[in-house]
>>> print(open('upload22.cif').read())   # mmCIF, C-alpha atoms
data_work
loop_
_atom_site.label_atom_id
_atom_site.label_comp_id
_atom_site.auth_asym_id
_atom_site.auth_seq_id
_atom_site.Cartn_x
_atom_site.Cartn_y
_atom_site.Cartn_z
CA MET A 27 26.62 -28.07 -48.13
CA ALA A 28 27.72 -26.86 -51.57
CA GLU A 29 29.77 -23.71 -51.94
CA PRO A 30 27.59 -20.58 -51.79
CA ILE A 31 26.46 -19.12 -55.09
CA LEU A 32 26.25 -15.71 -53.38
CA SER A 33 28.43 -14.44 -50.54
CA VAL A 34 28.08 -10.99 -49.00
CA ARG A 35 30.92 -9.93 -46.71
CA ASN A 36 30.75 -6.98 -44.30
CA LEU A 37 28.52 -4.96 -46.62
CA SER A 38 27.57 -1.41 -45.62
CA LYS A 39 25.63 1.30 -47.44
CA ARG A 40 25.07 4.85 -46.24
CA PHE A 41 22.89 7.68 -47.49
CA GLY A 42 24.35 10.78 -45.88
CA GLY A 43 24.19 10.19 -42.14
CA LEU A 44 21.78 7.23 -42.49
CA VAL A 45 23.32 3.77 -42.37
CA ALA A 46 20.87 1.71 -44.41
CA VAL A 47 22.94 -1.51 -44.37
CA ASN A 48 25.41 -2.02 -41.54
CA ASP A 49 28.21 -4.62 -41.83
CA VAL A 50 26.05 -7.47 -43.18
CA SER A 51 27.55 -10.85 -44.10
CA TRP A 52 25.35 -13.49 -45.71
CA ASP A 53 25.49 -16.62 -47.89
CA VAL A 54 22.99 -18.15 -50.31
CA HIS A 55 23.59 -21.70 -51.57
CA PRO A 56 22.40 -23.44 -54.76
CA GLY A 57 18.99 -25.06 -54.62
CA GLU A 58 17.65 -23.30 -51.52
CA VAL A 59 15.02 -20.71 -50.74
CA VAL A 60 16.23 -18.07 -48.29
CA ALA A 61 13.72 -15.63 -46.80
CA LEU A 62 14.87 -12.06 -46.14
CA LEU A 63 12.76 -10.52 -43.40
CA GLY A 64 12.47 -7.24 -41.57
CA ASP A 65 10.10 -4.39 -40.86
CA ASN A 66 9.87 -1.34 -43.13
CA GLY A 67 13.21 0.48 -43.08
CA ALA A 68 15.15 -2.61 -41.99
CA GLY A 69 17.48 -2.40 -44.98
CA LYS A 70 16.23 -5.38 -46.99
CA SER A 71 15.65 -3.53 -50.24
CA THR A 72 18.91 -1.60 -49.97
CA LEU A 73 20.85 -4.83 -49.44
CA ILE A 74 19.25 -6.42 -52.48
CA LYS A 75 19.90 -3.33 -54.59
CA CYS A 76 23.57 -3.45 -53.62
CA ILE A 77 23.70 -7.07 -54.77
CA SER A 78 21.85 -6.42 -58.04
CA GLY A 79 23.76 -3.32 -59.13
CA VAL A 80 21.18 -0.62 -58.39
CA TYR A 81 23.34 0.80 -55.58
CA GLN A 82 27.08 0.66 -54.95
CA ALA A 83 28.08 -0.47 -51.46
CA ASP A 84 30.33 1.87 -49.47
CA GLU A 85 32.12 -1.01 -47.78
CA GLY A 86 32.33 -4.77 -48.08
CA GLU A 87 32.42 -7.29 -50.89
CA VAL A 88 30.01 -9.41 -52.93
CA PHE A 89 31.06 -12.75 -54.40
CA PHE A 90 28.88 -14.42 -57.03
CA ARG A 91 29.62 -17.96 -58.22
CA GLY A 92 32.96 -17.80 -56.45
CA GLU A 93 34.17 -14.56 -58.02
CA ARG A 94 34.35 -11.11 -56.49
CA THR A 95 31.88 -8.88 -58.30
CA ARG A 96 30.97 -5.23 -58.38
CA PHE A 97 27.98 -4.68 -60.61
CA THR A 98 27.74 -1.01 -61.52
CA ARG A 99 24.40 -1.37 -63.31
CA PRO A 100 21.41 -3.72 -62.97
CA ILE A 101 22.02 -4.95 -66.53
CA ASP A 102 25.45 -6.22 -65.42
CA ALA A 103 23.87 -8.35 -62.69
CA LEU A 104 21.19 -9.50 -65.12
CA SER A 105 23.73 -10.58 -67.73
CA ASN A 106 25.50 -12.63 -65.05
CA GLY A 107 22.34 -14.49 -64.09
CA ILE A 108 20.93 -12.49 -61.16
CA GLU A 109 17.24 -11.94 -61.88
CA THR A 110 15.29 -9.57 -59.62
CA ILE A 111 11.50 -9.60 -59.79
CA TYR A 112 10.11 -6.50 -58.11
CA GLN A 113 6.49 -5.99 -57.13
CA ASP A 114 5.72 -4.08 -60.35
CA LEU A 115 7.11 -7.07 -62.32
CA ALA A 116 8.42 -4.82 -65.15
CA LEU A 117 5.92 -6.28 -67.63
CA ALA A 118 4.51 -4.44 -70.64
CA GLN A 119 0.77 -4.55 -70.00
CA ASN A 120 -0.28 -4.10 -73.64
CA LEU A 121 1.95 -6.90 -74.97
CA ASP A 122 1.24 -10.62 -74.92
CA VAL A 123 2.98 -13.36 -72.93
CA SER A 124 5.66 -14.27 -75.47
CA ALA A 125 6.47 -10.62 -76.21
CA ASN A 126 7.07 -10.07 -72.49
CA ILE A 127 9.29 -13.11 -72.11
CA PHE A 128 11.46 -11.77 -74.94
CA LEU A 129 11.08 -8.08 -74.07
CA GLY A 130 14.31 -6.32 -75.05
CA ARG A 131 15.78 -9.59 -76.33
CA GLU A 132 13.48 -10.31 -79.26
CA MET A 133 14.17 -13.04 -81.81
CA LYS A 134 14.33 -11.65 -85.34
CA LEU A 135 14.28 -12.86 -88.91
CA ARG A 136 16.78 -11.31 -91.30
CA TYR A 137 16.14 -10.63 -94.96
CA PHE A 138 18.23 -9.18 -97.79
CA GLY A 139 21.55 -9.81 -96.10
CA GLY A 140 20.36 -8.44 -92.78
CA LEU A 141 19.17 -5.11 -94.15
CA VAL A 142 15.57 -5.94 -93.19
CA ARG A 143 14.75 -7.48 -89.83
CA MET A 144 11.37 -8.60 -88.55
CA LEU A 145 10.20 -10.14 -85.30
CA ASP A 146 10.14 -13.93 -85.40
CA GLU A 147 6.85 -14.21 -83.55
CA LYS A 148 6.42 -17.90 -84.34
CA ALA A 149 9.79 -18.79 -82.80
CA MET A 150 9.17 -16.60 -79.73
CA LEU A 151 5.78 -18.22 -79.20
CA LYS A 152 7.32 -21.70 -79.41
CA GLU A 153 10.14 -20.84 -77.01
CA SER A 154 7.74 -19.13 -74.59
CA LYS A 155 5.59 -22.24 -74.44
CA ARG A 156 8.69 -24.33 -73.75
CA ALA A 157 9.74 -22.01 -70.92
CA LEU A 158 6.26 -22.14 -69.37
CA ASP A 159 6.05 -25.92 -69.74
CA THR A 160 9.32 -26.26 -67.81
CA LEU A 161 7.56 -24.76 -64.79
CA HIS A 162 4.24 -26.55 -65.50
CA ILE A 163 2.57 -23.23 -66.31
CA HIS A 164 -0.28 -23.43 -68.78
CA PHE A 165 -2.17 -20.57 -70.42
CA PRO A 166 -5.10 -21.20 -72.77
CA ASN A 167 -3.83 -18.47 -75.07
CA LEU A 168 -0.31 -17.02 -75.09
CA SER A 169 -1.47 -14.22 -77.40
CA GLN A 170 -3.58 -12.54 -74.73
CA PRO A 171 -2.21 -9.24 -73.37
CA ILE A 172 -0.62 -9.19 -69.92
CA GLU A 173 -3.25 -6.73 -68.67
CA SER A 174 -5.91 -9.43 -69.09
CA LEU A 175 -4.08 -11.88 -66.80
CA SER A 176 -4.52 -12.34 -63.08
CA GLY A 177 -1.86 -11.28 -60.59
CA GLY A 178 -0.64 -14.85 -60.14
CA GLN A 179 -0.43 -15.40 -63.88
CA ARG A 180 1.63 -12.24 -64.27
CA GLN A 181 4.03 -13.48 -61.60
CA ALA A 182 4.26 -16.75 -63.52
CA VAL A 183 5.23 -14.90 -66.71
CA ALA A 184 7.93 -12.92 -64.88
CA ILE A 185 9.32 -16.12 -63.33
CA ALA A 186 9.24 -17.99 -66.66
CA ARG A 187 11.09 -15.11 -68.33
CA ALA A 188 13.84 -15.29 -65.72
CA VAL A 189 14.16 -19.06 -66.04
CA TYR A 190 14.29 -18.93 -69.83
CA TRP A 191 17.16 -16.45 -69.70
CA ASP A 192 19.15 -18.82 -67.48
CA ALA A 193 18.73 -17.25 -64.05
CA ARG A 194 21.41 -18.46 -61.62
CA LEU A 195 19.86 -16.60 -58.68
CA MET A 196 16.28 -15.37 -58.35
CA ILE A 197 15.40 -12.44 -56.08
CA MET A 198 11.67 -12.02 -55.50
CA ASP A 199 10.22 -8.97 -53.75
CA GLU A 200 6.85 -9.68 -52.07
CA PRO A 201 5.72 -12.08 -54.83
CA THR A 202 2.39 -12.97 -53.17
CA ASN A 203 1.46 -9.42 -52.19
CA ASN A 204 -2.13 -8.46 -53.18
CA LEU A 205 -2.91 -11.97 -54.47
CA GLY A 206 -5.83 -14.15 -53.42
CA VAL A 207 -5.12 -17.35 -51.49
CA PRO A 208 -5.35 -19.72 -54.50
CA GLU A 209 -2.97 -17.54 -56.52
CA GLN A 210 -0.59 -17.23 -53.58
CA GLN A 211 -0.37 -21.01 -53.47
CA LYS A 212 0.41 -21.16 -57.19
CA VAL A 213 3.27 -18.68 -56.82
CA LEU A 214 4.66 -20.60 -53.84
CA GLU A 215 4.53 -23.78 -55.91
CA LEU A 216 6.54 -22.05 -58.64
CA ILE A 217 9.16 -21.10 -56.04
CA ARG A 218 9.38 -24.76 -54.98
CA ARG A 219 9.88 -25.78 -58.60
CA LEU A 220 12.70 -23.28 -58.99
CA ARG A 221 14.36 -24.77 -55.93
CA ASP A 222 13.88 -28.30 -57.30
CA GLN A 223 15.60 -27.19 -60.52
CA GLY A 224 18.57 -25.92 -58.51
CA VAL A 225 17.80 -22.21 -58.85
CA PRO A 226 18.26 -20.51 -55.47
CA VAL A 227 15.64 -17.96 -54.48
CA ILE A 228 15.89 -14.97 -52.16
CA LEU A 229 12.35 -14.31 -50.95
CA ILE A 230 11.69 -10.84 -49.55
CA THR A 231 8.38 -10.91 -47.72
CA HIS A 232 6.32 -9.70 -44.78
CA THR A 233 4.04 -12.74 -45.08
CA LEU A 234 5.31 -15.17 -42.47
CA PRO A 235 3.15 -18.12 -43.62
CA ASP A 236 5.00 -17.91 -46.97
CA VAL A 237 8.30 -18.12 -45.10
CA PHE A 238 7.34 -21.35 -43.37
CA ALA A 239 5.74 -22.75 -46.52
CA VAL A 240 8.75 -22.55 -48.85
CA SER A 241 11.97 -21.27 -47.24
CA ASP A 242 14.84 -23.44 -46.06
CA ARG A 243 16.66 -20.69 -44.19
CA LEU A 244 16.02 -17.08 -43.25
CA MET A 245 17.76 -13.88 -42.28
CA VAL A 246 16.16 -11.06 -40.32
CA MET A 247 17.34 -7.45 -40.51
CA HIS A 248 16.55 -4.61 -38.13
CA ARG A 249 17.68 -1.02 -38.69
CA GLY A 250 20.27 -2.08 -41.24
CA ARG A 251 21.82 -4.89 -39.23
CA LYS A 252 21.51 -8.65 -39.47
CA VAL A 253 19.97 -9.72 -36.17
CA THR A 254 19.64 -13.44 -36.85
CA GLU A 255 20.15 -16.12 -39.47
CA LYS A 256 18.85 -19.65 -39.00
CA ARG A 257 17.09 -22.64 -40.47
CA THR A 258 13.38 -21.98 -40.87
CA ALA A 259 12.53 -25.24 -39.11
CA ASP A 260 14.33 -23.99 -35.98
CA THR A 261 12.11 -20.99 -35.31
CA GLY A 262 8.47 -19.91 -35.14
CA THR A 263 6.21 -16.94 -35.86
CA GLU A 264 6.38 -15.40 -32.38
CA GLU A 265 10.17 -15.53 -32.29
CA LEU A 266 10.48 -14.05 -35.79
CA VAL A 267 8.26 -11.13 -34.86
CA GLN A 268 10.53 -10.43 -31.88
CA TYR A 269 13.55 -10.30 -34.18
CA MET A 270 11.75 -8.08 -36.68
CA VAL A 271 10.77 -5.47 -34.07
CA GLY A 272 14.22 -5.50 -32.43
CA ALA A 273 13.27 -7.30 -29.22
CA ARG A 274 15.81 -10.06 -29.96
CA ASP A 275 19.24 -9.84 -31.55
CA ASP A 276 21.47 -12.90 -31.82
CA THR A 277 24.46 -10.91 -33.07
CA ARG A 278 24.53 -8.75 -29.96
CA THR A 279 24.25 -11.90 -27.85
CA GLU A 280 27.22 -13.40 -29.69
CA GLN A 281 29.26 -10.24 -29.17
CA ALA A 282 28.47 -10.25 -25.45
CA SER A 283 29.38 -13.93 -24.99
CA PRO A 284 32.81 -14.69 -23.45
CA THR A 285 35.42 -16.03 -25.87
#
>>> encode(input="upload22.cif", output="structure tokens")
Amino acid sequence: MAEPILSVRNLSKRFGGLVAVNDVSWDVHPGEVVALLGDNGAGKSTLIKCISGVYQADEGEVFFRGERTRFTRPIDALSNGIETIYQDLALAQNLDVSANIFLGREMKLRYFGGLVRMLDEKAMLKESKRALDTLHIHFPNLSQPIESLSGGQRQAVAIARAVYWDARLMIMDEPTNNLGVPEQQKVLELIRRLRDQGVPVILITHTLPDVFAVSDRLMVMHRGRKVTEKRTADTGTEELVQYMVGARDDTRTEQASPT
């Protein structure tokens, strides 16, 4: 297997007396979908926020693309190619598709030696269509506001934005939550296309059918600790539920085994 694009080594994060992430080590390789599972309070979101620069870990190291990193702000992770798509998607509801793809990074025309600058809407529209076509996403009208789109279409815009800006690692937080079955399938197909293009995806989800539909490997956390990590094909729903509620813990088994 190729060298990991992301390596987490002995990462811990505390909030006062609460240990939210406890000595977690984890790898993500290029071109794979890795599911991150756990019940509420398991530490999934805290781990991801330590990777993406929202939080600073108290202990441990993060390596991205072979280099030790310490992102102090989310924008630092973003500029290095780590795209995190949260449930709220961070889309401007009153703006259209192309404006959202270029939100904060607009293309501009310069006049009078740069003294006057105007949005290059034609160029942004062309580039937005190219980004969407890459993922086989088609909208009848890219000028329609985001608020008029369905939940699955909004996810598609957020994913296309990340791909256009050269995402090297995609982190997706409950991407099919509150979507109907047809739209869930469309989002899962987009995740497969990202994998086919070599973009690794960390999929945070409570929806186990999604895990078995698209993930290659998975990690389960319970009360801040990694309790198992394995190939998705080597487990099943009943076993995963046992890990998620703390009834099984491979790491404790390994520690108890004789050397």
>>> resolve_selection(input="upload22.cif", expression="the PyMOL selection byres ((chain A and resi 128) around 10)", output="PyMOL selection string")
chain A and resi 123-127+129-133+150-151+153-154+187+190-191
>>> closest_atom_pairs(input="upload22.cif", of="segment 161-267 of chain A", to="segment 77-82 of chain A", cutoff="12 Å", atoms="all atoms listed in the file", output="Markdown table")
| residue | atom | partner | partner_atom | distance |
| --- | --- | --- | --- | --- |
| A:Leu195 | CA | A:Ser78 | CA | 10.4 |
| A:Met196 | CA | A:Ser78 | CA | 10.5 |
| A:Ile197 | CA | A:Ser78 | CA | 9.0 |
| A:Met198 | CA | A:Ser78 | CA | 11.9 |
| A:Ile228 | CA | A:Ile77 | CA | 11.4 |
>>> atom_distance(input="upload22.cif", atom1="atom CA of Glu200 of chain A", atom2="atom CA of Ala103 of chain A")
20.1 Å
>>> closest_residue(input="upload22.cif", among="A:Gln223, A:Asn36, A:Leu266, A:Asp275", to="Thr160 of chain A", atoms="all atoms listed in the file")
A:Gln223
>>> closest_residue(input="upload22.cif", among="A:Ser174, A:Ser105, A:Thr98, A:Ser71", to="Ala118 of chain A", atoms="only C-alpha atoms")
A:Ser174
>>> closest_residue(input="upload22.cif", among="A:Gly178, A:Asp122, A:Arg278, A:Ala149", to="Leu135 of chain A", atoms="all atoms listed in the file")
A:Ala149
>>> atom_distance(input="upload22.cif", atom1="atom CA of Phe89 of chain A", atom2="atom CA of Trp52 of chain A")
10.4 Å
>>> atom_distance(input="upload22.cif", atom1="atom CA of Leu117 of chain A", atom2="atom CA of Ile74 of chain A")
20.2 Å
>>> residues_around(input="upload22.cif", residues="Asp53 of chain A", least_positions_apart="5", cutoff="6 Å", atoms="all atoms listed in the file", output="number ranges by chain")
A: 30, 32-33
>>> residues_around(input="upload22.cif", residues="Asn106 of chain A", least_positions_apart="6", cutoff="9 Å", atoms="only C-alpha atoms", output="number ranges by chain")
A: 90, 193-194
>>> residues_around(input="upload22.cif", residues="Thr254 of chain A", least_positions_apart="3", cutoff="9 Å", atoms="all atoms listed in the file", output="VMD selection string")
chain A and resid 244 to 247 269 274 to 277
>>> closest_residue(input="upload22.cif", among="A:Glu265, A:Asp114, A:Glu173, A:Asp84", to="Asn203 of chain A", atoms="only C-alpha atoms")
A:Asp114
>>> closest_residue(input="upload22.cif", among="A:Thr72, A:Gln113, A:Asn66, A:Ser241", to="Leu205 of chain A", atoms="all atoms listed in the file")
A:Gln113
>>> closest_residue(input="upload22.cif", among="A:Ile31, A:Leu161, A:Leu121, A:Ala68", to="Glu93 of chain A", atoms="all atoms listed in the file")
A:Ile31
>>> residues_around(input="upload22.cif", residues="Asp222 of chain A", least_positions_apart="2", cutoff="12 Å", atoms="only C-alpha atoms", output="list in words")
Pro56, Gly57, Glu58, Val59, Thr160, Leu161, Glu215, Leu216, Ile217, Arg218, Arg219, Leu220, Gly224, Val225, Pro226, Val227 and Val240 of chain A
>>> resolve_selection(input="upload22.cif", expression="the PyMOL selection byres ((chain A and resi 83) around 9)", output="MDAnalysis selection string")
chainID A and resid 37:40 47 73 76:77 81:82 84:87 96
>>> residues_near_point(input="upload22.cif", point="(2.6, -17.9, -54.6)", cutoff="12 Å", atoms="only C-alpha atoms", output="PyMOL selection string")
chain A and resi 177-182+185+198-219+229+231+233+235-237+239-240
>>> write_last_selection(input="upload22.cif", atoms="C-alpha atoms", output="short mmCIF file (atom, residue, chain, number, x, y, z; two decimals), keeping the file's coordinate frame")
data_model
loop_
_atom_site.label_atom_id
_atom_site.label_comp_id
_atom_site.auth_asym_id
_atom_site.auth_seq_id
_atom_site.Cartn_x
_atom_site.Cartn_y
_atom_site.Cartn_z
CA GLY A 177 -1.86 -11.28 -60.59
CA GLY A 178 -0.64 -14.85 -60.14
CA GLN A 179 -0.43 -15.40 -63.88
CA ARG A 180 1.63 -12.24 -64.27
CA GLN A 181 4.03 -13.48 -61.60
CA ALA A 182 4.26 -16.75 -63.52
CA ILE A 185 9.32 -16.12 -63.33
CA MET A 198 11.67 -12.02 -55.50
CA ASP A 199 10.22 -8.97 -53.75
CA GLU A 200 6.85 -9.68 -52.07
CA PRO A 201 5.72 -12.08 -54.83
CA THR A 202 2.39 -12.97 -53.17
CA ASN A 203 1.46 -9.42 -52.19
CA ASN A 204 -2.13 -8.46 -53.18
CA LEU A 205 -2.91 -11.97 -54.47
CA GLY A 206 -5.83 -14.15 -53.42
CA VAL A 207 -5.12 -17.35 -51.49
CA PRO A 208 -5.35 -19.72 -54.50
CA GLU A 209 -2.97 -17.54 -56.52
CA GLN A 210 -0.59 -17.23 -53.58
CA GLN A 211 -0.37 -21.01 -53.47
CA LYS A 212 0.41 -21.16 -57.19
CA VAL A 213 3.27 -18.68 -56.82
CA LEU A 214 4.66 -20.60 -53.84
CA GLU A 215 4.53 -23.78 -55.91
CA LEU A 216 6.54 -22.05 -58.64
CA ILE A 217 9.16 -21.10 -56.04
CA ARG A 218 9.38 -24.76 -54.98
CA ARG A 219 9.88 -25.78 -58.60
CA LEU A 229 12.35 -14.31 -50.95
CA THR A 231 8.38 -10.91 -47.72
CA THR A 233 4.04 -12.74 -45.08
CA PRO A 235 3.15 -18.12 -43.62
CA ASP A 236 5.00 -17.91 -46.97
CA VAL A 237 8.30 -18.12 -45.10
CA ALA A 239 5.74 -22.75 -46.52
CA VAL A 240 8.75 -22.55 -48.85
#
>>> axis_aligned_box(input="upload22.cif", around="segment 71-83 of chain A", padding_each_side="6 Å", output="AutoDock Vina command-line options")
--center_x 21.9 --center_y -3.1 --center_z -54.3 --size_x 24.4 --size_y 19.9 --size_z 21.7
>>> build_atoms(input="upload22.cif", residues="segment 47-73 of chain A", atoms="N, CA and C atoms", output="JSON list (two decimals), keeping the file's coordinate frame")
[["chain", "number", "residue", "atom", "x", "y", "z"],
["A", 47, "VAL", "N", 22.45, -0.13, -44.55],
["A", 47, "VAL", "CA", 22.94, -1.51, -44.37],
["A", 47, "VAL", "C", 24.23, -1.43, -43.58],
["A", 48, "ASN", "N", 24.31, -2.18, -42.48],
["A", 48, "ASN", "CA", 25.41, -2.02, -41.54],
["A", 48, "ASN", "C", 26.15, -3.34, -41.33],
["A", 49, "ASP", "N", 27.28, -3.51, -42.06],
["A", 49, "ASP", "CA", 28.21, -4.62, -41.83],
["A", 49, "ASP", "C", 27.52, -5.98, -41.91],
["A", 50, "VAL", "N", 26.81, -6.23, -43.01],
["A", 50, "VAL", "CA", 26.05, -7.47, -43.18],
["A", 50, "VAL", "C", 26.89, -8.50, -43.94],
["A", 51, "SER", "N", 26.95, -9.71, -43.40],
["A", 51, "SER", "CA", 27.55, -10.85, -44.10],
["A", 51, "SER", "C", 26.48, -11.93, -44.23],
["A", 52, "TRP", "N", 26.48, -12.60, -45.40],
["A", 52, "TRP", "CA", 25.35, -13.49, -45.71],
["A", 52, "TRP", "C", 25.73, -14.41, -46.85],
["A", 53, "ASP", "N", 25.26, -15.66, -46.81],
["A", 53, "ASP", "CA", 25.49, -16.62, -47.89],
["A", 53, "ASP", "C", 24.17, -17.17, -48.40],
["A", 54, "VAL", "N", 24.12, -17.45, -49.70],
["A", 54, "VAL", "CA", 22.99, -18.15, -50.31],
["A", 54, "VAL", "C", 23.58, -19.29, -51.13],
["A", 55, "HIS", "N", 23.05, -20.51, -50.91],
["A", 55, "HIS", "CA", 23.59, -21.70, -51.57],
["A", 55, "HIS", "C", 22.69, -22.16, -52.71],
["A", 56, "PRO", "N", 23.22, -22.92, -53.66],
["A", 56, "PRO", "CA", 22.40, -23.44, -54.76],
["A", 56, "PRO", "C", 21.25, -24.29, -54.25],
["A", 57, "GLY", "N", 20.12, -24.18, -54.91],
["A", 57, "GLY", "CA", 18.99, -25.06, -54.62],
["A", 57, "GLY", "C", 18.33, -24.82, -53.28],
["A", 58, "GLU", "N", 18.35, -23.59, -52.77],
["A", 58, "GLU", "CA", 17.65, -23.30, -51.52],
["A", 58, "GLU", "C", 16.85, -22.02, -51.65],
["A", 59, "VAL", "N", 15.81, -21.93, -50.84],
["A", 59, "VAL", "CA", 15.02, -20.71, -50.74],
["A", 59, "VAL", "C", 15.36, -20.05, -49.41],
["A", 60, "VAL", "N", 15.84, -18.81, -49.49],
["A", 60, "VAL", "CA", 16.23, -18.07, -48.29],
["A", 60, "VAL", "C", 15.32, -16.86, -48.16],
["A", 61, "ALA", "N", 14.61, -16.77, -47.04],
["A", 61, "ALA", "CA", 13.72, -15.63, -46.80],
["A", 61, "ALA", "C", 14.52, -14.49, -46.19],
["A", 62, "LEU", "N", 14.26, -13.28, -46.68],
["A", 62, "LEU", "CA", 14.87, -12.06, -46.14],
["A", 62, "LEU", "C", 13.77, -11.25, -45.50],
["A", 63, "LEU", "N", 13.85, -11.11, -44.16],
["A", 63, "LEU", "CA", 12.76, -10.52, -43.40],
["A", 63, "LEU", "C", 13.21, -9.25, -42.69],
["A", 64, "GLY", "N", 12.22, -8.46, -42.31],
["A", 64, "GLY", "CA", 12.47, -7.24, -41.57],
["A", 64, "GLY", "C", 11.33, -6.27, -41.75],
["A", 65, "ASP", "N", 11.15, -5.39, -40.78],
["A", 65, "ASP", "CA", 10.10, -4.39, -40.86],
["A", 65, "ASP", "C", 10.48, -3.34, -41.91],
["A", 66, "ASN", "N", 9.56, -2.43, -42.21],
["A", 66, "ASN", "CA", 9.87, -1.34, -43.13],
["A", 66, "ASN", "C", 11.07, -0.54, -42.60],
["A", 67, "GLY", "N", 12.02, -0.25, -43.49],
["A", 67, "GLY", "CA", 13.21, 0.48, -43.08],
["A", 67, "GLY", "C", 14.31, -0.39, -42.50],
["A", 68, "ALA", "N", 14.14, -1.71, -42.57],
["A", 68, "ALA", "CA", 15.15, -2.61, -41.99],
["A", 68, "ALA", "C", 16.41, -2.69, -42.83],
["A", 69, "GLY", "N", 16.31, -2.34, -44.11],
["A", 69, "GLY", "CA", 17.48, -2.40, -44.98],
["A", 69, "GLY", "C", 17.44, -3.51, -46.01],
["A", 70, "LYS", "N", 16.34, -4.24, -46.07],
["A", 70, "LYS", "CA", 16.23, -5.38, -46.99],
["A", 70, "LYS", "C", 16.40, -4.95, -48.44],
["A", 71, "SER", "N", 15.61, -3.96, -48.85],
["A", 71, "SER", "CA", 15.65, -3.53, -50.24],
["A", 71, "SER", "C", 17.00, -2.93, -50.62],
["A", 72, "THR", "N", 17.60, -2.19, -49.69],
["A", 72, "THR", "CA", 18.91, -1.60, -49.97],
["A", 72, "THR", "C", 19.96, -2.69, -50.15],
["A", 73, "LEU", "N", 19.92, -3.72, -49.31],
["A", 73, "LEU", "CA", 20.85, -4.83, -49.44],
["A", 73, "LEU", "C", 20.72, -5.50, -50.80]]
